[in-house]
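Pasted below: start_26.cif, mmCIF, C-alpha atoms.
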data_query
loop_
_atom_site.group_PDB
_atom_site.id
_atom_site.type_symbol
_atom_site.label_atom_id
_atom_site.label_comp_id
_atom_site.auth_asym_id
_atom_site.auth_seq_id
_atom_site.Cartn_x
_atom_site.Cartn_y
_atom_site.Cartn_z
ATOM 1 C CA MET A 544 0.000 0.000 0.000
ATOM 2 C CA ASP A 545 1.367 3.375 -1.012
ATOM 3 C CA VAL A 546 0.678 5.850 1.744
ATOM 4 C CA PRO A 547 2.122 9.231 0.707
ATOM 5 C CA VAL A 548 5.446 9.974 2.361
ATOM 6 C CA ILE A 549 4.430 13.553 3.139
ATOM 7 C CA VAL A 550 1.584 12.260 5.344
ATOM 8 C CA MET A 551 4.010 10.275 7.495
ATOM 9 C CA ASP A 552 6.326 13.271 7.678
ATOM 10 C CA ILE A 553 3.509 15.546 8.863
ATOM 11 C CA ALA A 554 2.461 12.946 11.431
ATOM 12 C CA LEU A 555 6.043 12.682 12.691
ATOM 13 C CA VAL A 556 6.262 16.464 13.059
ATOM 14 C CA LEU A 557 3.019 16.501 15.070
ATOM 15 C CA VAL A 558 4.247 13.710 17.353
ATOM 16 C CA VAL A 559 7.550 15.493 17.900
ATOM 17 C CA ALA A 560 5.618 18.646 18.805
ATOM 18 C CA GLY A 561 3.871 16.671 21.540
ATOM 19 C CA ALA A 562 7.200 15.317 22.762
ATOM 20 C CA LEU A 563 8.672 18.829 22.884
ATOM 21 C CA ALA A 564 5.715 19.999 24.961
ATOM 22 C CA ALA A 565 6.439 17.125 27.357
ATOM 23 C CA VAL A 566 10.088 18.198 27.577
ATOM 24 C CA VAL A 567 9.065 21.778 28.374
ATOM 25 C CA ARG A 568 6.661 20.624 31.095
ATOM 26 C CA ALA A 569 9.311 18.315 32.573
ATOM 27 C CA ALA A 570 11.755 21.229 32.686
ATOM 28 C CA VAL A 571 9.497 23.899 34.209
ATOM 29 C CA GLY A 572 6.922 21.726 36.007
ATOM 30 C CA PRO A 573 6.654 22.957 39.587
ATOM 31 C CA SER A 574 6.030 19.578 41.248
ATOM 32 C CA ARG A 575 7.206 15.995 40.853
ATOM 33 C CA ALA A 576 3.736 14.959 39.689
ATOM 34 C CA ASP A 577 4.026 17.322 36.717
ATOM 35 C CA ARG A 578 7.278 15.722 35.697
ATOM 36 C CA LEU A 579 5.725 12.264 36.035
ATOM 37 C CA VAL A 580 2.851 13.229 33.720
ATOM 38 C CA ALA A 581 5.351 14.712 31.272
ATOM 39 C CA ALA A 582 7.312 11.447 31.310
ATOM 40 C CA GLU A 583 4.135 9.531 30.487
ATOM 41 C CA LEU A 584 3.406 11.797 27.514
ATOM 42 C CA GLY A 585 7.013 11.495 26.353
ATOM 43 C CA PHE A 586 6.717 7.714 26.459
ATOM 44 C CA ILE A 587 3.518 7.719 24.401
ATOM 45 C CA ALA A 588 5.084 10.101 21.883
ATOM 46 C CA ALA A 589 8.140 7.842 21.638
ATOM 47 C CA VAL A 590 6.035 4.748 20.896
ATOM 48 C CA SER A 591 4.011 6.713 18.315
ATOM 49 C CA ALA A 592 7.217 7.909 16.653
ATOM 50 C CA LEU A 593 8.534 4.326 16.633
ATOM 51 C CA LEU A 594 5.410 3.099 14.825
ATOM 52 C CA LEU A 595 5.582 5.986 12.346
ATOM 53 C CA VAL A 596 9.248 5.305 11.604
ATOM 54 C CA ALA A 597 8.433 1.612 11.082
ATOM 55 C CA LEU A 598 5.816 2.639 8.516
ATOM 56 C CA ARG A 599 8.068 5.236 6.910
ATOM 57 C CA LEU A 600 11.026 2.875 6.440
ATOM 58 C CA ASP A 601 8.776 -0.144 5.706
ATOM 59 C CA GLU A 602 10.492 -2.232 8.392
ATOM 60 C CA PRO A 603 7.859 -4.433 10.109
ATOM 61 C CA ILE A 604 10.440 -5.739 12.584
ATOM 62 C CA LEU A 605 10.208 -2.410 14.448
ATOM 63 C CA PHE A 606 6.643 -3.253 15.488
ATOM 64 C CA ASP A 607 8.113 -5.846 17.881
ATOM 65 C CA PHE A 608 9.998 -3.069 19.627
ATOM 66 C CA ALA A 609 6.727 -1.187 20.025
ATOM 67 C CA LEU A 610 5.242 -4.186 21.866
ATOM 68 C CA ILE A 611 8.172 -4.326 24.273
ATOM 69 C CA ALA A 612 8.131 -0.555 24.718
ATOM 70 C CA VAL A 613 4.445 -0.500 25.679
ATOM 71 C CA LEU A 614 4.954 -3.163 28.364
ATOM 72 C CA ILE A 615 8.110 -1.595 29.816
ATOM 73 C CA GLY A 616 6.559 1.882 29.756
ATOM 74 C CA PHE A 617 3.630 0.671 31.832
ATOM 75 C CA LEU A 618 5.951 -0.796 34.481
ATOM 76 C CA THR A 619 8.001 2.403 34.499
ATOM 77 C CA THR A 620 4.920 4.558 35.013
ATOM 78 C CA ILE A 621 3.652 2.440 37.907
ATOM 79 C CA GLY A 622 7.071 2.452 39.593
ATOM 80 C CA LEU A 623 7.558 6.185 39.209
ATOM 81 C CA ALA A 624 4.057 6.833 40.529
ATOM 82 C CA ARG A 625 4.809 4.840 43.687
ATOM 83 C CA LEU A 626 8.044 6.752 44.063
ATOM 84 C CA VAL A 627 6.354 10.151 43.719
ATOM 85 C CA THR A 628 3.651 9.189 46.229
ATOM 86 C CA ARG A 629 6.064 8.003 48.890
ATOM 87 C CA LYS A 630 8.727 10.676 48.569
ATOM 88 C CA GLN A 631 6.552 13.721 49.037
ATOM 89 C CA SER A 632 4.325 12.270 51.740
ATOM 90 C CA ASP A 633 7.459 11.375 53.691
ATOM 91 C CA VAL A 634 8.918 14.825 53.271
ATOM 92 C CA SER A 635 5.802 16.871 54.026
ATOM 93 C CA GLY A 636 4.357 14.529 56.657
ATOM 94 C CA GLU A 637 0.848 15.941 56.385
ATOM 95 C CA SER A 638 -1.943 14.162 54.585
ATOM 96 C CA SER A 639 -4.402 16.806 53.436
ATOM 97 C CA MET B 853 -6.209 3.819 -3.118
ATOM 98 C CA ILE B 854 -9.104 4.013 -0.684
ATOM 99 C CA GLY B 855 -6.934 2.159 1.847
ATOM 100 C CA ALA B 856 -4.187 4.759 1.493
ATOM 101 C CA ILE B 857 -6.693 7.517 2.171
ATOM 102 C CA ILE B 858 -7.999 5.742 5.271
ATOM 103 C CA VAL B 859 -4.471 5.180 6.566
ATOM 104 C CA SER B 860 -3.550 8.822 5.923
ATOM 105 C CA VAL B 861 -6.581 10.124 7.795
ATOM 106 C CA LEU B 862 -5.936 7.799 10.741
ATOM 107 C CA LEU B 863 -2.249 8.788 10.914
ATOM 108 C CA ILE B 864 -2.970 12.513 10.851
ATOM 109 C CA LEU B 865 -5.757 12.177 13.442
ATOM 110 C CA GLY B 866 -3.583 10.081 15.761
ATOM 111 C CA ALA B 867 -0.553 12.353 15.538
ATOM 112 C CA GLY B 868 -2.836 15.356 15.961
ATOM 113 C CA LEU B 869 -4.187 13.865 19.182
ATOM 114 C CA VAL B 870 -0.657 13.371 20.529
ATOM 115 C CA ALA B 871 0.099 17.012 19.667
ATOM 116 C CA LEU B 872 -3.180 18.014 21.365
ATOM 117 C CA ALA B 873 -2.087 16.202 24.521
ATOM 118 C CA GLY B 874 1.136 18.230 24.363
ATOM 119 C CA PHE B 875 -0.919 21.414 24.111
ATOM 120 C CA GLY B 876 -3.000 20.307 27.081
ATOM 121 C CA ILE B 877 0.026 19.505 29.213
ATOM 122 C CA LEU B 878 1.317 23.027 28.616
ATOM 123 C CA ARG B 879 -1.933 24.913 29.121
ATOM 124 C CA LEU B 880 -3.928 23.137 31.855
ATOM 125 C CA PRO B 881 -3.608 24.460 35.393
ATOM 126 C CA ASP B 882 -2.780 21.541 37.729
ATOM 127 C CA PRO B 883 -1.344 17.984 37.597
ATOM 128 C CA LEU B 884 -4.748 16.279 37.792
ATOM 129 C CA THR B 885 -6.050 17.937 34.627
ATOM 130 C CA ARG B 886 -2.716 17.362 32.902
ATOM 131 C CA ALA B 887 -2.846 13.657 33.762
ATOM 132 C CA SER B 888 -6.387 13.568 32.367
ATOM 133 C CA ALA B 889 -5.267 15.204 29.106
ATOM 134 C CA VAL B 890 -2.369 12.796 28.668
ATOM 135 C CA SER B 891 -4.202 9.600 29.518
ATOM 136 C CA LYS B 892 -7.168 10.345 27.237
ATOM 137 C CA ALA B 893 -5.846 12.228 24.231
ATOM 138 C CA ALA B 894 -2.483 10.509 23.861
ATOM 139 C CA ALA B 895 -3.963 7.068 24.485
ATOM 140 C CA LEU B 896 -6.530 7.481 21.704
ATOM 141 C CA GLY B 897 -3.848 8.951 19.441
ATOM 142 C CA LEU B 898 -1.563 5.948 19.861
ATOM 143 C CA LEU B 899 -4.578 3.682 19.295
ATOM 144 C CA LEU B 900 -5.351 5.326 15.940
ATOM 145 C CA ILE B 901 -1.702 5.081 14.854
ATOM 146 C CA ILE B 902 -1.642 1.361 15.725
ATOM 147 C CA VAL B 903 -4.809 0.758 13.697
ATOM 148 C CA ALA B 904 -3.345 2.718 10.766
ATOM 149 C CA ALA B 905 -0.160 0.641 10.871
ATOM 150 C CA MET B 906 -2.269 -2.508 10.972
ATOM 151 C CA ILE B 907 -4.130 -1.507 7.805
ATOM 152 C CA ALA B 908 -0.982 -0.332 6.014
ATOM 153 C CA GLU B 909 1.154 -3.417 6.709
ATOM 154 C CA TRP B 910 -1.485 -6.073 6.191
ATOM 155 C CA SER B 911 0.280 -9.431 6.719
ATOM 156 C CA PRO B 912 -0.487 -12.121 9.327
ATOM 157 C CA ARG B 913 2.699 -11.671 11.346
ATOM 158 C CA THR B 914 2.465 -7.872 11.512
ATOM 159 C CA VAL B 915 -1.217 -7.932 12.368
ATOM 160 C CA LEU B 916 -0.565 -10.447 15.156
ATOM 161 C CA VAL B 917 2.154 -8.271 16.708
ATOM 162 C CA LEU B 918 0.072 -5.126 16.349
ATOM 163 C CA VAL B 919 -2.977 -6.772 17.926
ATOM 164 C CA LEU B 920 -0.761 -7.671 20.877
ATOM 165 C CA VAL B 921 0.438 -4.056 21.075
ATOM 166 C CA LEU B 922 -3.189 -2.903 20.918
ATOM 167 C CA ILE B 923 -4.287 -5.218 23.731
ATOM 168 C CA ALA B 924 -1.316 -4.315 25.932
ATOM 169 C CA HIS B 925 -1.967 -0.624 25.363
ATOM 170 C CA LEU B 926 -5.706 -0.851 26.007
ATOM 171 C CA VAL B 927 -5.185 -2.805 29.233
ATOM 172 C CA THR B 928 -2.396 -0.641 30.650
ATOM 173 C CA VAL B 929 -3.593 2.873 29.796
ATOM 174 C CA PRO B 930 -6.426 3.112 32.388
ATOM 175 C CA LEU B 931 -4.161 1.682 35.081
ATOM 176 C CA SER B 932 -1.320 4.083 34.392
ATOM 177 C CA GLY B 933 -3.775 6.985 34.172
ATOM 178 C CA LEU B 934 -5.147 6.018 37.597
ATOM 179 C CA ALA B 935 -1.613 5.731 38.985
ATOM 180 C CA LEU B 936 -0.739 9.177 37.625
ATOM 181 C CA ALA B 937 -3.817 10.827 39.121
ATOM 182 C CA ARG B 938 -3.378 9.013 42.457
ATOM 183 C CA ALA B 939 0.284 10.025 42.714
ATOM 184 C CA SER B 940 -0.614 13.625 41.842
ATOM 185 C CA TYR B 941 -3.307 13.702 44.514
ATOM 186 C CA ARG B 942 -1.338 11.929 47.248
ATOM 187 C CA SER B 943 1.739 14.080 46.771
ATOM 188 C CA GLY B 944 -0.378 17.016 47.945
ATOM 189 C CA THR B 945 0.583 19.459 45.221
ATOM 190 C CA ALA B 946 -2.383 18.926 42.965
ATOM 191 C CA LYS B 947 -4.577 21.777 44.197
ATOM 192 C CA SER B 948 -5.397 24.521 41.763
ATOM 193 C CA PRO B 949 -7.829 27.353 42.568
ATOM 194 C CA VAL B 950 -9.863 26.195 39.557
ATOM 195 C CA THR B 951 -10.288 22.681 40.959
ATOM 196 C CA THR B 952 -13.148 22.882 43.458
ATOM 197 C CA VAL B 953 -14.467 19.323 43.810
ATOM 198 C CA ASP B 954 -12.417 17.207 46.252
ATOM 199 C CA GLU B 955 -14.395 14.056 46.953
ATOM 200 C CA PRO B 956 -11.777 12.046 48.950
ATOM 201 C CA ALA B 957 -11.279 14.911 51.402
ATOM 202 C CA ASP B 958 -15.044 15.499 51.689
ATOM 203 C CA GLU B 959 -15.634 11.853 52.504
ATOM 204 C CA GLY B 960 -12.750 11.793 54.957
ATOM 205 C CA ARG B 961 -10.676 9.044 53.379
ATOM 206 C CA VAL B 962 -7.559 10.899 52.307
#
Just dump the structure as C-alpha cells.
Amino acid sequence: MDVPVIVMDIALVLVVAGALAAVVRAAVGPSRADRLVAAELGFIAAVSALLLVALRLDEPILFDFALIAVLIGFLTTIGLARLVTRKQSDVSGESS
Amino acid sequence: MIGAIIVSVLLILGAGLVALAGFGILRLPDPLTRASAVSKAAALGLLLIIVAAMIAEWSPRTVLVLVLVLIAHLVTVPLSGLALARASYRSGTAKSPVTTVDEPADEGRV
C-alpha cells in the first residue's frame, strides 16, 4: 500500500511537537507529579514515533519493539508513581 | 487507493491527538487535569496510529504483533492513568484554585 510519504512526515512532526511539549513541562513543572505526567506523555510520543518510523522505512520488525516498549513503559509509570507518592508524603508529613 | 486515504486520515488524526495532549500539558492548570489530558488524548492517538499501521502493513505476522500491542496498550492505559492521578493527589501538590471538587477529602478518606 502506497501511503504518501508527506503524510508520514507531517504525522512525525506533530508527534515530535507533543514530545517537545512534554520536555518543556518536565523542565518547568513545579512539582514531581508534573514531571511524572510529562514522562508519560514522552513515552507515548516515543512509541508513536517508533510506529511511524516503522511505517516510513517499511520495516515491520520495528513493530516488535513497540510491543516491548508499551509493556516496559507501563511498568516504568507504575514504579515512578509509587516513588512520587512516597517521597513527598514522607517529606511533608501531612496528609491533606 | 481508498486504503491509502484511510491510513492517511488515521495517521494525521492520531498524531494530531498526541500534539493536542502536548498542548494540554502546557496549558492546563494543575497535575490532575494534565494527567487527564495525557491519559485520554495521547492514548486514543496511539490507538489510531496502531490501527493505521495494521491496515498499512497487512500481513499475518504484523497484524498479530500489532494486535498484541493494541491489547497491551488498552489494558495498561487506564491503570497508568489512575496511577498518575493518584500520585498527583497523594503528593499534595495537585490543588489549583480552579479545581473545586475534592471528593476524597469530603468523605474523609484521604
Requested in this report: Identify which of the residues B:Val921, B:Ile864, B:Leu869, B:Leu936 lies closest to A:Ala582, counting only C-alpha atoms when measuring atom-to-atom distances.
Outcome: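 Looking at the shortest contact to A:Ala582, the residue is B:Leu936.
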Query raised in the report: Near chain A, which residues of chain B fall within 6 Å when you count only C-alpha atoms, and what do they look like as an NGL selection string?
Result: :B and (856 or 864 or 867 or 870-871 or 874 or 883 or 887 or 890 or 898 or 921 or 935 or 939-940 or 942-943)
Query raised in the report: Quick one: distance from atom CA of B:Gly933 to atom CA of B:Ala895 in Å, one decimal?
Result: 9.7 Å
Report task. Mind giving me the straight-line distance from atom CA of B:Lys892 to atom CA of B:Ala905 in Å, one decimal? Result -> 20.3 Å
Query raised in the report: Could you work out how far atom CA of B:Ala957 lies from atom CA of B:Gly944, giving the answer in Å with one decimal?
Result: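 These two atoms are separated by 11.6 Å.
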Stretch 595-607 of chain A: axis-aligned bounding box, 8 Å on each side, centre and edge lengths in Å, one decimal, as lines of an AutoDock Vina configuration file:
center_x = 8.3
center_y = 0.1
center_z = 11.8
size_x = 21.4
size_y = 27.8
size_z = 28.2
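Nearest to B:Val903 of all the residues B:Ser932, B:Ser891, B:Thr885, B:Ser860 is B:Ser860, based on all atoms listed in the file.
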Query raised in the report: Do you know which residues lie at most 9 Å from (-3.9, 29.2, 39.9), with coordinates as in the file and only C-alpha atoms counted, and could you write them as a count of residues only?
Result: 6
Fewer than 3 positions away in the same chain doesn't count, so skip those; otherwise give me all residues within 8 Å of B:Gly855, counting all atoms listed in the file, as an mmCIF file with C-alpha atoms, keeping the file's coordinate frame.
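What follows is the written file part07.cif:
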data_model
loop_
_atom_site.group_PDB
_atom_site.id
_atom_site.type_symbol
_atom_site.label_atom_id
_atom_site.label_comp_id
_atom_site.auth_asym_id
_atom_site.auth_seq_id
_atom_site.Cartn_x
_atom_site.Cartn_y
_atom_site.Cartn_z
ATOM 1 C CA MET A 544 0.000 0.000 0.000
ATOM 2 C CA ILE B 858 -7.999 5.742 5.271
ATOM 3 C CA VAL B 859 -4.471 5.180 6.566
ATOM 4 C CA ILE B 907 -4.130 -1.507 7.805
ATOM 5 C CA ALA B 908 -0.982 -0.332 6.014
#
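Among the candidate residues B:His925, B:Arg913, B:Arg938, B:Arg879, the one lying nearest to B:Ala894 is B:His925, with distances computed using only C-alpha atoms.
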